[in-house]
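Chemist: Below you'll find the structure I mean.
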Amino acid sequence: MPDEAAPQAGPPRVDGRLLRVGLILQLGALAPLLDTTIVSVAIPDLGRAFGAPVAAIQLVSTGYLLAFAMVVPLVGWAIERYGGRPVWTVSLLLFLAGSLLCGVAWSLPVLVAARVAQGAAGGMIFPVMQTVLAQVAGERRLGRAMAILAVPGQLAPIAGPTLGGVLVATLGWRWIFFVNLPICLVALVAGHRGLPRGVRDAGRRLDVAGLALLAPAMALLVYGLTRVGEAPDGPDVVASGCAGAGIVLLLAFVVRASRRPVSLVNVRLLRVRSLSSASAVVFCTQAALLGTMFVLPLFYERIHGADALRAGLLLAPQGIGAMLAMPLVGLLVDRIGPRPLVLAGIVLAVAGTLPFALAGPSADQAVLAPALGVRGLGLGAAVIPVVSAAYYGIPERDYPGATTVFNIVQRLGASFGTAVLAVVLQWRLGDPGGAADAYSGTFWWAIGFTVLTLLPALLMAGRRRSE
């Protein structure tokens, strides 16, 4: 009889081992997460330091972004071949070395090369930590485990711009990179002692031909979509050509992988409903989240006259709302399953975005700040269950492959949403209604992306199959 009653007792508790592993992985993620927001603050100072125009300095961000995208397809194979801890350690060492080289960079080409190293490391760190924690947690503790991992992602956008501004103003731009060194060193020591090595398959061979298709496909798609979003007159030939070539290479990879028993990324995992529906949801949520995060700072700067630092602080309620939601959501997803939480999160995210779609130049911060908090609650309620659901029904040996599929879709959704909302904003700015109407219309598009998430969310499992 105890076996029959066990499922009613609730999910197993989070023990000290899971917490320890989660905290170590959090620490390892903190440096790359802070780095992405800190560096954006220092772009003008970098331009002055190297005497370079804006277009050249943008390579500091573009190189990071492209390297990040290119290595994501490689991560699943690397974890299966070498184990989670070795891959995480190498990734963090590469990020540390890239940060050191950025800090001592004596020319712009050296800085860009170092940023490429940082981007490659960052592209590995996040999928590896997701896989390692999923393997340690097991299916019945996934919600709470992923809630642990999500905390640094909400803190970084709040703390990063402020920390970056202080470092640049007091110690100089080189210290925005040197600040990563102690964080990485402490994480490496803790990881060596506290992270499990993981299972490794010494016979797992690298699908070189698959990598030759998928890595450039990711880079071309991300670059093409990014260039679409940045082009002042809309998509140009280069942007369209890169995006088109990326789509062709991606389709070629999918066709090839579906015909082979073993490939770089196991696309057959998408036949599992939990992973396919979670991937569709994360594409839409990333399009809405990252696309809106591109528009929101511009809205505060152009419509409400805030400088970059104040705009970052005004966005803090969204991160706070997400952090408040995540612990409870993590527990609930382990108890009731992902679907009701994702649906509730979508409703909250739409409700939190509506005031921005209706707002004009005179909109009161007393209305917009709580709206951002509600939006953060919604995003926190939606994101954790989706990440957890990606592993439901997947054998643990296939967790690295599921992570790779999920992260590829996540990265493409973010780039797609940012590009579309940037194009919509540029298009609407040419209308006679003025800037306020342009931003309002763009927020309506963001709401549309969020609402689109409802369909794949409804297809998600209500509870784990094991229950």
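Every chain in the structure tokens takes a letter, A first, then B, and so on in the order presented; its residues are numbered from 1, and the ligands are numbered from 1 following the presented order.
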Per residue of stretch 45-111 of chain A within 9 Å of stretch 166-180 of chain A, which atom pair is closest and at what distance in Å (one decimal), using only C-alpha atoms, listed by chain and increasing number, as a Markdown table?

Modeler:
```
| residue | atom | partner | partner_atom | distance |
| --- | --- | --- | --- | --- |
| A:Asp45 | CA | A:Trp173 | CA | 6.8 |
| A:Leu46 | CA | A:Trp173 | CA | 7.1 |
| A:Ala49 | CA | A:Trp173 | CA | 8.8 |
| A:Phe95 | CA | A:Asn180 | CA | 8.6 |
| A:Leu96 | CA | A:Asn180 | CA | 7.0 |
| A:Gly98 | CA | A:Phe177 | CA | 8.7 |
| A:Ser99 | CA | A:Phe177 | CA | 5.1 |
| A:Leu100 | CA | A:Phe178 | CA | 6.3 |
| A:Leu101 | CA | A:Phe177 | CA | 8.6 |
| A:Cys102 | CA | A:Phe177 | CA | 6.3 |
| A:Gly103 | CA | A:Arg174 | CA | 4.6 |
| A:Val104 | CA | A:Arg174 | CA | 7.1 |
| A:Ala105 | CA | A:Arg174 | CA | 8.4 |
```

Chemist: When you look at A:Val262 with a cut-off of 10 Å (counting only C-alpha atoms), what residues show up, excluding the ones that are within fewer than 4 positions of it in the same chain? I need them as a list in words.

Modeler: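 Close residues of A:Val262: Arg204, Arg205, Leu206, Asp207, Ala257, Ser258, Asn266 and Val267 of chain A.
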
Chemist: Between A:Ala325, A:Ala29, A:Val383, A:Leu298, single out the one closest to A:Gln426, counting only C-alpha atoms.

Modeler: A:Leu298

Chemist: So which residues touch A:Ile320 within 8 Å, counting only C-alpha atoms, skipping near sequence neighbours fewer than 4 positions away, as a list of chain:residue names?

Modeler: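 Close residues of A:Ile320: A:Gln154, A:Ala316, A:Leu324, A:Gly373, A:Gly376.
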
Chemist: Suppose we keep N, CA and C atoms; can you now write the selection as a PDB file, in the first residue's frame?

Modeler:
```
ATOM      1  N   GLN A 154      17.473  37.142 -13.348  1.00  0.00           N
ATOM      2  CA  GLN A 154      16.638  38.284 -12.997  1.00  0.00           C
ATOM      3  C   GLN A 154      17.433  39.368 -12.274  1.00  0.00           C
ATOM      4  N   ALA A 316      13.453  47.688 -13.265  1.00  0.00           N
ATOM      5  CA  ALA A 316      13.685  46.784 -12.144  1.00  0.00           C
ATOM      6  C   ALA A 316      12.425  46.067 -11.652  1.00  0.00           C
ATOM      7  N   LEU A 324      10.022  37.165  -7.394  1.00  0.00           N
ATOM      8  CA  LEU A 324       9.004  36.833  -6.390  1.00  0.00           C
ATOM      9  C   LEU A 324       8.190  35.619  -6.817  1.00  0.00           C
ATOM     10  N   GLY A 373       5.776  45.068 -12.756  1.00  0.00           N
ATOM     11  CA  GLY A 373       5.806  44.032 -11.731  1.00  0.00           C
ATOM     12  C   GLY A 373       4.880  42.876 -12.076  1.00  0.00           C
ATOM     13  N   GLY A 376       6.391  40.934 -14.831  1.00  0.00           N
ATOM     14  CA  GLY A 376       7.441  40.070 -14.298  1.00  0.00           C
ATOM     15  C   GLY A 376       6.884  38.827 -13.633  1.00  0.00           C
TER      16      GLY A 376
END
```

Chemist: From a DSSP pass on the backbone, collect the residues of stretch 160-268 of chain A flagged as helix (DSSP H, G or I) and hand them back as an NGL selection string.

Modeler: :A and (160-170 or 175-178 or 180-194 or 208-230 or 237-258 or 267-268)

Chemist: A:Leu74: which residues within 10 Å, counting only C-alpha atoms, same-chain residues fewer than 3 positions away excluded, as a ChimeraX atom specification?

Modeler: /A:70-71,77-79,123-124,206-207,210-211,214-215,264-265,401,404

Chemist: As a ChimeraX atom specification, please: the residues near stretch 409-420 of chain A (cut-off 6 Å, only C-alpha atoms, same-chain neighbours under 5 positions excluded).

Modeler: /A:222,225,228-229,282-283,286-287,290-291

Chemist: With only C-alpha atoms as the atoms that count, which of A:Ala212, A:Ala278, A:Val128, A:Leu221 lies nearest to A:Arg256?

Modeler: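 Nearest to A:Arg256: A:Ala212.
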
Chemist: One decimal, Å: what's the distance from atom CA of A:Val272 over to atom CA of A:Leu220, could you say?

Modeler: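 Separation of atom CA of A:Val272 and atom CA of A:Leu220: 28.1 Å.
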